[in-house]
>>> print(open('model05.txt').read())   # compact mmCIF, C-alpha atoms and all ligand atoms
# COMPACT_ATOMS: atom_id res chain seq x y z
CA MET A 26 -2.75 -26.14 1.44
CA ALA A 27 -5.06 -23.16 1.66
CA ILE A 28 -3.52 -19.88 2.81
CA ARG A 29 -5.39 -17.58 5.18
CA VAL A 30 -5.78 -14.00 4.00
CA CYS A 31 -7.33 -11.24 6.08
CA VAL A 32 -8.76 -8.02 4.63
CA THR A 33 -9.78 -5.30 7.07
CA GLY A 34 -12.26 -2.59 6.17
CA ALA A 35 -13.78 -5.32 4.04
CA ALA A 36 -17.22 -3.67 3.93
CA GLY A 37 -15.76 -0.50 2.40
CA GLN A 38 -15.37 0.49 -1.22
CA ILE A 39 -11.80 -0.75 -1.70
CA GLY A 40 -12.77 -4.03 -0.03
CA TYR A 41 -15.60 -4.43 -2.51
CA ALA A 42 -13.28 -3.84 -5.47
CA LEU A 43 -10.50 -6.04 -4.05
CA LEU A 44 -12.05 -9.24 -2.75
CA TYR A 45 -13.00 -10.79 -6.09
CA SER A 46 -9.45 -10.42 -7.45
CA ILE A 47 -7.96 -12.07 -4.37
CA ALA A 48 -10.52 -14.85 -4.22
CA SER A 49 -10.34 -15.66 -7.92
CA GLY A 50 -6.58 -16.21 -8.00
CA SER A 51 -5.21 -12.99 -9.49
CA VAL A 52 -2.90 -12.37 -6.53
CA PHE A 53 -1.68 -15.69 -5.16
CA GLY A 54 -1.94 -17.66 -8.39
CA PRO A 55 -4.55 -19.80 -10.11
CA GLU A 56 -3.67 -22.94 -8.10
CA GLN A 57 -3.55 -21.46 -4.60
CA THR A 58 -6.63 -22.16 -2.49
CA LEU A 59 -7.47 -19.67 0.22
CA GLU A 60 -9.58 -18.86 3.23
CA LEU A 61 -10.64 -15.25 3.66
CA THR A 62 -11.22 -13.51 6.95
CA LEU A 63 -12.99 -10.17 6.69
CA LEU A 64 -12.74 -7.64 9.50
CA ASP A 65 -14.84 -4.53 9.90
CA ILE A 66 -16.40 -2.60 12.76
CA THR A 67 -19.60 -3.79 14.47
CA PRO A 68 -22.02 -1.37 12.72
CA MET A 69 -20.84 -2.70 9.34
CA MET A 70 -21.53 -6.39 10.07
CA GLU A 71 -24.89 -6.39 8.28
CA SER A 72 -23.36 -4.87 5.17
CA LEU A 73 -20.43 -7.29 5.37
CA LYS A 74 -22.92 -10.17 5.34
CA GLY A 75 -23.97 -9.03 1.88
CA VAL A 76 -20.34 -9.10 0.72
CA VAL A 77 -20.00 -12.66 2.03
CA MET A 78 -23.17 -13.67 0.16
CA GLU A 79 -21.77 -12.21 -3.04
CA LEU A 80 -18.45 -14.01 -2.61
CA GLN A 81 -20.40 -17.23 -2.16
CA ASP A 82 -22.47 -16.44 -5.27
CA CYS A 83 -19.30 -16.06 -7.34
CA ALA A 84 -18.97 -19.87 -6.96
CA LEU A 85 -15.17 -19.67 -6.96
CA ASN A 86 -13.12 -22.84 -6.90
CA LEU A 87 -10.16 -21.47 -4.94
CA LEU A 88 -12.14 -19.91 -2.10
CA LYS A 89 -12.55 -22.53 0.64
CA ASP A 90 -13.95 -20.47 3.50
CA VAL A 91 -15.01 -16.93 4.39
CA VAL A 92 -15.26 -15.59 7.93
CA ALA A 93 -16.75 -12.14 8.60
CA THR A 94 -16.06 -10.69 12.03
CA ASP A 95 -15.64 -7.54 14.11
CA LYS A 96 -13.00 -9.20 16.32
CA PRO A 97 -9.33 -8.77 15.35
CA GLU A 98 -8.34 -11.93 17.28
CA GLU A 99 -10.67 -13.98 15.09
CA ALA A 100 -9.74 -12.20 11.86
CA PHE A 101 -5.97 -12.54 12.43
CA LYS A 102 -5.93 -16.13 13.70
CA ASP A 103 -3.15 -18.06 11.91
CA ILE A 104 -3.18 -15.77 8.89
CA ASP A 105 -0.49 -15.75 6.21
CA VAL A 106 -1.40 -12.33 4.81
CA ALA A 107 -3.05 -9.22 6.27
CA ILE A 108 -4.25 -6.38 4.06
CA LEU A 109 -5.14 -3.56 6.44
CA VAL A 110 -7.50 -1.29 4.52
CA GLY A 111 -9.84 -0.20 7.32
CA SER A 112 -8.98 3.06 9.02
CA MET A 113 -10.58 6.19 10.41
CA PRO A 114 -11.28 8.65 7.58
CA ARG A 115 -10.61 12.36 7.94
CA ARG A 116 -13.88 14.11 8.73
CA GLU A 117 -14.58 17.77 8.07
CA GLY A 118 -13.06 19.99 10.74
CA MET A 119 -10.78 17.23 11.99
CA GLU A 120 -7.21 18.30 12.78
CA ARG A 121 -4.37 16.16 11.44
CA SER A 122 -3.41 15.23 15.00
CA ASP A 123 -6.99 14.00 15.68
CA LEU A 124 -6.71 11.78 12.63
CA LEU A 125 -3.35 10.43 13.76
CA LYS A 126 -4.76 9.81 17.22
CA ALA A 127 -7.81 7.88 15.99
CA ASN A 128 -5.67 5.76 13.72
CA ALA A 129 -2.99 5.20 16.34
CA LYS A 130 -5.60 3.41 18.42
CA ILE A 131 -6.73 1.21 15.52
CA PHE A 132 -3.22 0.27 14.36
CA GLU A 133 -1.90 -0.32 17.85
CA THR A 134 -4.80 -2.69 18.56
CA GLN A 135 -4.35 -4.45 15.23
CA GLY A 136 -0.55 -4.62 15.59
CA LYS A 137 -0.93 -6.27 18.97
CA ALA A 138 -3.52 -8.71 17.66
CA LEU A 139 -1.27 -9.60 14.71
CA ASP A 140 1.59 -10.16 17.14
CA GLN A 141 -0.49 -12.51 19.21
CA PHE A 142 -2.61 -14.39 16.67
CA ALA A 143 -1.07 -14.29 13.18
CA LYS A 144 1.62 -16.64 11.86
CA LYS A 145 5.12 -15.32 12.51
CA THR A 146 5.67 -15.30 8.74
CA VAL A 147 2.60 -13.12 8.12
CA LYS A 148 3.02 -10.47 5.41
CA VAL A 149 1.22 -7.27 6.36
CA LEU A 150 0.28 -4.59 3.83
CA VAL A 151 -1.09 -1.34 5.27
CA VAL A 152 -3.38 0.64 2.96
CA GLY A 153 -5.53 2.73 5.33
CA ASN A 154 -4.33 6.32 5.58
CA PRO A 155 -2.06 7.81 6.78
CA ALA A 156 -0.63 4.54 5.44
CA ASN A 157 3.08 5.02 6.22
CA THR A 158 2.54 6.09 9.80
CA ASN A 159 -0.21 3.53 10.42
CA CYS A 160 2.26 0.89 9.22
CA LEU A 161 4.89 2.24 11.61
CA LEU A 162 2.45 2.00 14.53
CA ALA A 163 1.55 -1.58 13.62
CA ILE A 164 5.28 -2.48 13.49
CA LYS A 165 5.86 -0.89 16.89
CA SER A 166 2.92 -2.78 18.37
CA ALA A 167 3.94 -6.18 17.02
CA SER A 168 7.32 -6.69 18.64
CA SER A 169 7.58 -10.43 17.95
CA LEU A 170 7.11 -10.00 14.21
CA PRO A 171 10.04 -9.01 11.96
CA LYS A 172 9.80 -5.40 10.76
CA GLU A 173 10.45 -6.67 7.23
CA ASN A 174 7.06 -8.40 7.32
CA PHE A 175 5.32 -5.01 7.12
CA SER A 176 4.94 -2.61 4.22
CA CYS A 177 2.57 0.13 3.15
CA LEU A 178 1.02 0.79 -0.22
CA THR A 179 2.64 3.28 -2.59
CA ARG A 180 2.07 1.08 -5.62
CA LEU A 181 -0.98 3.11 -6.64
CA ASP A 182 1.29 6.16 -6.88
CA GLN A 183 3.81 4.10 -8.87
CA ASN A 184 1.10 2.86 -11.24
CA ARG A 185 -0.17 6.42 -11.69
CA ALA A 186 3.35 7.62 -12.52
CA GLN A 187 3.97 4.73 -14.91
CA ALA A 188 0.68 5.40 -16.73
CA GLN A 189 1.45 9.13 -17.07
CA ILE A 190 4.84 8.38 -18.67
CA ALA A 191 3.38 5.71 -20.96
CA ALA A 192 0.67 8.10 -22.16
CA LYS A 193 3.16 10.92 -22.72
CA VAL A 194 5.53 8.74 -24.78
CA GLY A 195 2.70 6.86 -26.49
CA VAL A 196 3.71 3.34 -25.44
CA SER A 197 1.85 0.64 -23.53
CA ASN A 198 2.06 0.71 -19.74
CA ASP A 199 4.27 -2.37 -19.54
CA ALA A 200 6.90 -0.64 -21.68
CA VAL A 201 7.65 1.69 -18.74
CA ARG A 202 9.75 0.16 -15.95
CA ASN A 203 11.43 1.10 -12.71
CA VAL A 204 9.57 4.26 -11.80
CA ILE A 205 10.24 5.04 -8.12
CA ILE A 206 8.01 6.55 -5.45
CA TRP A 207 10.05 8.01 -2.59
CA GLY A 208 8.61 8.91 0.80
CA ASN A 209 5.11 9.34 2.09
CA HIS A 210 1.85 8.31 0.42
CA SER A 211 0.79 11.96 0.54
CA SER A 212 1.24 15.02 -1.61
CA THR A 213 4.91 15.25 -0.51
CA GLN A 214 5.79 11.96 -2.21
CA TYR A 215 8.43 12.19 -4.92
CA PRO A 216 7.66 10.27 -8.13
CA ASP A 217 11.09 9.79 -9.70
CA VAL A 218 11.80 8.62 -13.26
CA ALA A 219 15.54 9.35 -13.31
CA HIS A 220 16.25 5.58 -13.30
CA ALA A 221 13.15 4.46 -15.19
CA ASN A 222 13.37 3.10 -18.70
CA VAL A 223 11.01 2.86 -21.63
CA GLN A 224 10.98 0.06 -24.21
CA THR A 225 10.76 1.58 -27.67
CA ALA A 226 10.99 0.10 -31.16
CA SER A 227 14.70 0.92 -31.12
CA GLY A 228 15.40 -0.63 -27.68
CA SER A 229 15.31 0.42 -24.04
CA ILE A 230 16.03 4.10 -23.32
CA GLY A 231 15.87 6.29 -20.22
CA ALA A 232 12.56 7.95 -19.38
CA TYR A 233 14.01 11.48 -19.75
CA GLU A 234 15.26 10.60 -23.24
CA ALA A 235 11.92 9.03 -24.17
CA VAL A 236 9.78 11.90 -22.87
CA LYS A 237 12.02 14.67 -24.32
CA ASP A 238 10.47 17.26 -22.01
CA ASP A 239 12.46 17.73 -18.80
CA SER A 240 10.33 20.60 -17.58
CA TRP A 241 7.18 18.46 -17.83
CA ILE A 242 8.84 15.69 -15.81
CA LYS A 243 10.01 18.15 -13.16
CA GLY A 244 6.72 20.07 -13.11
CA ASP A 245 3.31 18.84 -14.28
CA PHE A 246 4.21 15.15 -14.11
CA ILE A 247 5.19 15.29 -10.44
CA LYS A 248 2.23 17.49 -9.57
CA THR A 249 -0.25 15.26 -11.40
CA VAL A 250 0.93 12.13 -9.58
CA GLN A 251 1.07 13.89 -6.20
CA GLN A 252 -2.44 15.32 -6.63
CA ARG A 253 -4.06 12.39 -8.42
CA GLY A 254 -5.93 11.09 -5.37
CA ALA A 255 -7.47 14.52 -4.79
CA ALA A 256 -8.38 14.83 -8.49
CA VAL A 257 -10.25 11.50 -8.38
CA ILE A 258 -12.12 12.58 -5.24
CA LYS A 259 -13.08 15.88 -6.88
CA ALA A 260 -14.45 14.10 -9.95
CA ARG A 261 -16.01 11.03 -8.35
CA LYS A 262 -16.92 12.47 -4.95
CA LEU A 263 -15.35 9.29 -3.64
CA SER A 264 -11.73 8.28 -3.27
CA SER A 265 -9.93 5.86 -5.61
CA ALA A 266 -11.14 2.31 -5.15
CA MET A 267 -10.79 0.35 -8.41
CA SER A 268 -7.23 1.58 -9.00
CA ALA A 269 -6.39 1.17 -5.30
CA ALA A 270 -7.59 -2.45 -5.38
CA LYS A 271 -5.53 -3.12 -8.53
CA ALA A 272 -2.45 -1.60 -6.87
CA ILE A 273 -2.96 -3.76 -3.76
CA CYS A 274 -3.07 -6.84 -6.01
CA ASP A 275 0.11 -5.76 -7.85
CA HIS A 276 1.94 -5.09 -4.57
CA MET A 277 0.88 -8.34 -2.93
CA SER A 278 1.53 -10.45 -5.99
CA ASP A 279 5.07 -9.04 -6.35
CA TRP A 280 5.67 -9.70 -2.65
CA TRP A 281 4.40 -13.26 -3.00
CA PHE A 282 6.24 -14.23 -6.18
CA GLY A 283 9.15 -11.75 -6.33
CA THR A 284 9.98 -8.91 -8.72
CA LYS A 285 11.06 -9.71 -12.28
CA GLU A 286 14.73 -9.87 -13.25
CA GLY A 287 16.09 -6.34 -13.70
CA GLU A 288 13.02 -4.71 -12.17
CA TRP A 289 12.11 -3.21 -8.84
CA THR A 290 8.96 -1.90 -7.22
CA SER A 291 8.27 0.75 -4.60
CA MET A 292 6.86 0.07 -1.19
CA GLY A 293 6.81 1.84 2.13
CA VAL A 294 9.13 -0.04 4.50
CA TRP A 295 10.79 0.45 7.86
CA SER A 296 13.87 2.64 7.47
CA ASP A 297 16.95 1.37 9.33
CA GLY A 298 18.79 4.62 8.57
CA THR A 299 21.35 3.05 6.18
CA HIS A 300 19.82 3.91 2.79
CA TYR A 301 19.84 7.22 0.90
CA GLY A 302 20.08 9.36 4.03
CA ILE A 303 16.53 8.46 5.07
CA PRO A 304 16.08 8.88 8.84
CA GLU A 305 15.83 5.73 10.92
CA GLY A 306 12.50 4.70 12.43
CA ILE A 307 9.98 5.90 9.87
CA VAL A 308 8.15 3.96 7.15
CA TYR A 309 9.39 5.46 3.87
CA SER A 310 8.72 4.34 0.31
CA VAL A 311 11.83 3.12 -1.51
CA PRO A 312 12.62 0.88 -4.49
CA VAL A 313 12.96 -2.77 -3.47
CA ARG A 314 13.84 -6.03 -5.15
CA ILE A 315 11.80 -8.96 -3.87
CA ASN A 316 13.20 -12.50 -3.88
CA PRO A 317 11.22 -15.69 -4.59
CA ASP A 318 11.36 -16.49 -0.84
CA ARG A 319 9.49 -13.17 -0.18
CA SER A 320 12.43 -11.44 1.44
CA TRP A 321 13.36 -8.07 -0.09
CA GLN A 322 16.25 -5.63 -0.29
CA VAL A 323 16.32 -1.90 -0.85
CA VAL A 324 17.85 -1.16 -4.26
CA ASP A 325 21.01 0.70 -3.29
CA GLY A 326 23.51 2.70 -5.30
CA LEU A 327 21.14 4.79 -7.43
CA SER A 328 22.37 8.32 -8.01
CA VAL A 329 20.37 11.06 -6.27
CA SER A 330 20.41 14.53 -7.86
CA ASP A 331 20.12 17.73 -5.81
CA PHE A 332 16.59 18.10 -7.18
CA ALA A 333 15.68 14.61 -5.93
CA ARG A 334 17.46 15.10 -2.60
CA GLU A 335 15.41 18.15 -1.78
CA LYS A 336 12.13 16.39 -2.54
CA MET A 337 13.11 13.21 -0.67
CA ASP A 338 13.99 15.26 2.40
CA ILE A 339 10.68 17.15 2.38
CA SER A 340 8.78 13.86 2.52
CA ALA A 341 11.10 12.46 5.21
CA LYS A 342 10.53 15.57 7.34
CA GLU A 343 6.77 15.12 7.05
CA LEU A 344 7.06 11.47 8.10
CA VAL A 345 9.27 12.31 11.08
CA GLU A 346 6.65 14.85 12.21
CA GLU A 347 3.81 12.34 11.72
CA ARG A 348 5.76 9.76 13.70
CA ASP A 349 6.53 12.16 16.53
CA THR A 350 2.86 13.12 16.81
CA ALA A 351 1.39 9.63 16.36
CA THR A 352 3.71 7.74 18.71
CA GLN A 353 2.62 10.00 21.59
CA PHE A 354 -0.78 8.35 21.31
CA LEU A 355 0.52 4.81 21.76
CA SER A 356 -0.27 3.40 25.18
CA ALA A 357 2.92 2.87 27.25
P1 LIG B 401 -14.32 3.19 3.08
O1 LIG B 401 -14.69 4.27 4.05
O2 LIG B 401 -15.21 2.89 1.93
O3 LIG B 401 -14.08 1.83 3.87
C1 LIG B 401 -13.32 1.76 5.02
C2 LIG B 401 -13.85 0.60 5.83
O4 LIG B 401 -12.99 0.44 6.96
C3 LIG B 401 -15.28 0.84 6.36
O5 LIG B 401 -16.08 -0.28 6.07
C4 LIG B 401 -15.05 1.01 7.86
O6 LIG B 401 -16.15 0.57 8.63
C5 LIG B 401 -13.82 0.13 8.07
N1 LIG B 401 -13.11 0.37 9.32
C6 LIG B 401 -12.96 1.52 10.02
N2 LIG B 401 -12.31 1.30 11.16
C7 LIG B 401 -12.01 -0.02 11.19
C8 LIG B 401 -11.35 -0.86 12.12
N3 LIG B 401 -10.88 -0.38 13.26
N4 LIG B 401 -11.23 -2.16 11.83
C9 LIG B 401 -11.73 -2.68 10.69
N5 LIG B 401 -12.38 -1.93 9.77
C10 LIG B 401 -12.52 -0.62 10.02
O7 LIG B 401 -12.86 3.59 2.59
P2 LIG B 401 -12.06 3.04 1.32
O8 LIG B 401 -12.32 3.91 0.16
O9 LIG B 401 -12.26 1.58 1.20
O10 LIG B 401 -10.55 3.39 1.77
C11 LIG B 401 -9.95 2.73 2.84
C12 LIG B 401 -8.64 3.38 3.22
O11 LIG B 401 -7.70 3.31 2.17
C13 LIG B 401 -8.76 4.87 3.55
O12 LIG B 401 -8.00 5.16 4.70
C14 LIG B 401 -8.13 5.52 2.34
O13 LIG B 401 -7.65 6.82 2.64
C15 LIG B 401 -7.04 4.56 2.04
N6 LIG B 401 -6.42 4.63 0.71
C16 LIG B 401 -5.09 4.40 0.63
C17 LIG B 401 -4.43 4.36 -0.56
C18 LIG B 401 -2.96 4.08 -0.64
O14 LIG B 401 -2.42 4.13 -1.74
N7 LIG B 401 -2.27 3.80 0.45
C19 LIG B 401 -5.13 4.64 -1.84
C20 LIG B 401 -6.61 4.46 -1.74
C21 LIG B 401 -7.23 4.91 -0.46
O15 LIG B 401 -7.44 6.30 -0.52
>>> encode(input="model05.txt", output="structure tokens")
Amino acid sequence: MAIRVCVTGAAGQIGYALLYSIASGSVFGPEQTLELTLLDITPMMESLKGVVMELQDCALNLLKDVVATDKPEEAFKDIDVAILVGSMPRREGMERSDLLKANAKIFETQGKALDQFAKKTVKVLVVGNPANTNCLLAIKSASSLPKENFSCLTRLDQNRAQAQIAAKVGVSNDAVRNVIIWGNHSSTQYPDVAHANVQTASGSIGAYEAVKDDSWIKGDFIKTVQQRGAAVIKARKLSSAMSAAKAICDHMSDWWFGTKEGEWTSMGVWSDGTHYGIPEGIVYSVPVRINPDRSWQVVDGLSVSDFAREKMDISAKELVEERDTATQFLSA
């Protein structure tokens, strides 16, 4: 049976880079038919029509239907998956609280619509920034949906970290496993390779041993990953889209099929306050193992150094502040 997948912000640049991969089977498998619902705001409907025409012109076998709409109730009707990319971008001169306010309205509306119209098993991935806090607002606004059905994207950060390590050691990207992104998808995130391993000709070794440059890992590596989004904007005059779309596909595909034996992935999830001293009630990126039935568990028991603790706490503090500001804007 076809699954129903909704992408919001579908007329934007990530949407454009993402839809072909979803519709051609790279995320949900080469056998899985699907119906796409594309949500954007009213002024973008004309542009979205062009995207629908292009999807049609791809003549894909798996894609059974495409609906383009500016109404969340139509876009979220009976969906199995929601990829929430659309959000209010930060404009020049905008205060952070203005940005949180504008997005609180969007993610409250969409959370409520998901609650009312989506399947109760819907898997929701929030991409639009500030992704962690937008995800939190959607969770709070969708009280009949399990909190575990929501996550936010930090896979792009994970992929960036993995690629930096692979390049430094001189191995292929798939030789680097179990990099962790802790915290917020912002410059306070902590890319952590203390538990990562690298496959070399002589077997699997720890990332620190493979890199042989602790000061690089603790300095330039972390900074490069934290600032990578800004570096892409500076060079391209546009934010990451191709790599963001690839990361969305990686995240969703792992959620759909499960993580590989012995591996984990990072995603921003609701914190229940029982893991690694992370405060309850924020959406914080942690390593998770995903089961074939699409449930997941936080990977517990990893050692946390003083260096890591300090960085993890800085990101948690930022998320608590974002939450405290953003939740004021929720209606009653
Ligand atoms: P674009 O500005 O190209 O597209 C955004 C689209 O969202 C536009 O078509 C806009 O009309 C639509 N939109 C706005 N409000 C909406 C609403 N209420 N309902 C439905 N659609 C709405 O941005 P793009 O480059 O595609 O980036 C989208 C979002 O992803 C941004 O918030 C961006 O910051 C965020 N990112 C998050 C990443 C992550 O790792 N979590 C990485 C990539 C990206 O920067």
>>> atom_distance(input="model05.txt", atom1="CA of Tyr41 in chain A", atom2="CA of Glu99 in chain A")
20.6 Å
>>> closest_atom_pairs(input="model05.txt", of="chain A", to="ligand LIG 401 (chain B)", cutoff="6 Å", atoms="only C-alpha atoms and all ligand atoms", output="Markdown table")
| residue | atom | partner | partner_atom | distance |
| --- | --- | --- | --- | --- |
| A:Thr33 | CA | B:LIG401 | C9 | 4.9 |
| A:Gly34 | CA | B:LIG401 | O4 | 3.2 |
| A:Ala35 | CA | B:LIG401 | O5 | 5.9 |
| A:Ala36 | CA | B:LIG401 | O5 | 4.2 |
| A:Gly37 | CA | B:LIG401 | O3 | 3.2 |
| A:Gln38 | CA | B:LIG401 | O2 | 4.0 |
| A:Ile39 | CA | B:LIG401 | O9 | 3.7 |
| A:Gly40 | CA | B:LIG401 | O9 | 5.8 |
| A:Leu64 | CA | B:LIG401 | C9 | 5.2 |
| A:Asp65 | CA | B:LIG401 | N5 | 3.6 |
| A:Ile66 | CA | B:LIG401 | N5 | 5.1 |
| A:Met69 | CA | B:LIG401 | O6 | 5.8 |
| A:Val110 | CA | B:LIG401 | C12 | 5.0 |
| A:Gly111 | CA | B:LIG401 | O4 | 3.2 |
| A:Ser112 | CA | B:LIG401 | N2 | 4.3 |
| A:Met113 | CA | B:LIG401 | N2 | 5.2 |
| A:Pro114 | CA | B:LIG401 | O12 | 5.6 |
| A:Ile131 | CA | B:LIG401 | N3 | 5.0 |
| A:Val152 | CA | B:LIG401 | N7 | 4.2 |
| A:Gly153 | CA | B:LIG401 | O12 | 3.5 |
| A:Asn154 | CA | B:LIG401 | O12 | 3.9 |
| A:Ala156 | CA | B:LIG401 | N7 | 5.3 |
| A:Leu178 | CA | B:LIG401 | N7 | 4.5 |
| A:Thr179 | CA | B:LIG401 | O14 | 5.2 |
| A:Leu181 | CA | B:LIG401 | O14 | 5.2 |
| A:Ser264 | CA | B:LIG401 | O15 | 5.5 |
| A:Ser265 | CA | B:LIG401 | C20 | 5.3 |
| A:Ala266 | CA | B:LIG401 | O8 | 5.7 |
| A:Ala269 | CA | B:LIG401 | C20 | 4.9 |
>>> closest_residue(input="model05.txt", among="A:Gln252, A:Ser240, A:Asn128, A:Ser168", to="Ala351 in chain A", atoms="all atoms listed in the file")
A:Asn128
>>> closest_residue(input="model05.txt", among="A:Ile104, A:Val218, A:Thr58, A:Met70", to="Asn86 in chain A", atoms="all atoms listed in the file")
A:Thr58
>>> residues_around(input="model05.txt", residues="range 134-143 of chain A", least_positions_apart="5", cutoff="8 Å", atoms="all atoms listed in the file", output="PyMOL selection string")
chain A and resi 97-98+101-105+162-170
>>> atom_distance(input="model05.txt", atom1="CA of Asp182 in chain A", atom2="CA of Val151 in chain A")
14.5 Å
>>> decode(input="model05.txt", residues="range 241-311 of chain A", atoms="C-alpha atoms", output="short mmCIF file (atom, residue, chain, number, x, y, z; two decimals), in the first residue's frame")
data_model
loop_
_atom_site.label_atom_id
_atom_site.label_comp_id
_atom_site.auth_asym_id
_atom_site.auth_seq_id
_atom_site.Cartn_x
_atom_site.Cartn_y
_atom_site.Cartn_z
CA TRP A 241 42.76 19.32 16.08
CA ILE A 242 39.81 17.25 17.32
CA LYS A 243 39.29 19.55 20.31
CA GLY A 244 39.82 22.73 18.29
CA ASP A 245 39.51 23.15 14.51
CA PHE A 246 37.39 20.04 14.00
CA ILE A 247 34.68 21.16 16.43
CA LYS A 248 34.78 24.72 15.14
CA THR A 249 34.56 23.64 11.49
CA VAL A 250 31.49 21.48 12.12
CA GLN A 251 29.82 24.12 14.31
CA GLN A 252 30.42 26.86 11.73
CA ARG A 253 29.90 24.82 8.57
CA GLY A 254 26.41 26.14 7.85
CA ALA A 255 27.68 29.73 8.05
CA ALA A 256 30.67 28.89 5.83
CA VAL A 257 28.36 27.49 3.13
CA ILE A 258 26.17 30.60 3.29
CA LYS A 259 29.23 32.84 2.99
CA ALA A 260 30.45 30.98 -0.10
CA ARG A 261 27.14 30.23 -1.82
CA LYS A 262 25.10 33.21 -0.60
CA LEU A 263 22.47 30.58 0.11
CA SER A 264 22.18 28.07 2.92
CA SER A 265 22.95 24.35 2.55
CA ALA A 266 20.33 22.58 0.46
CA MET A 267 21.87 19.58 -1.34
CA SER A 268 23.63 18.34 1.81
CA ALA A 269 20.56 19.14 3.93
CA ALA A 270 18.35 17.10 1.59
CA LYS A 271 20.81 14.18 1.73
CA ALA A 272 20.86 14.35 5.53
CA ILE A 273 17.04 14.34 5.66
CA CYS A 274 17.05 11.20 3.50
CA ASP A 275 19.65 9.52 5.75
CA HIS A 276 17.71 10.42 8.91
CA MET A 277 14.35 9.29 7.55
CA SER A 278 15.69 6.11 6.03
CA ASP A 279 17.36 5.10 9.33
CA TRP A 280 14.11 5.85 11.17
CA TRP A 281 12.14 3.77 8.68
CA PHE A 282 14.43 0.74 8.51
CA GLY A 283 16.44 0.94 11.75
CA THR A 284 20.12 1.58 12.44
CA LYS A 285 22.69 -1.08 11.54
CA GLU A 286 23.97 -3.56 14.11
CA GLY A 287 26.58 -1.89 16.32
CA GLU A 288 25.80 1.59 15.01
CA TRP A 289 23.85 4.57 16.21
CA THR A 290 22.80 7.89 14.76
CA SER A 291 22.12 11.31 16.25
CA MET A 292 18.77 13.00 16.29
CA GLY A 293 17.12 15.73 18.30
CA VAL A 294 14.51 14.11 20.55
CA TRP A 295 12.37 14.99 23.54
CA SER A 296 14.44 14.79 26.72
CA ASP A 297 12.72 13.01 29.61
CA GLY A 298 15.49 14.08 31.99
CA THR A 299 16.92 10.56 32.53
CA HIS A 300 19.89 10.58 30.12
CA TYR A 301 23.31 12.20 30.53
CA GLY A 302 22.07 14.96 32.83
CA ILE A 303 20.15 16.63 30.00
CA PRO A 304 17.30 18.77 31.38
CA GLU A 305 13.78 17.47 30.92
CA GLY A 306 11.44 19.13 28.43
CA ILE A 307 13.78 20.27 25.68
CA VAL A 308 14.54 18.67 22.31
CA TYR A 309 18.23 17.74 22.48
CA SER A 310 20.33 15.77 20.00
CA VAL A 311 21.58 12.45 21.37
#
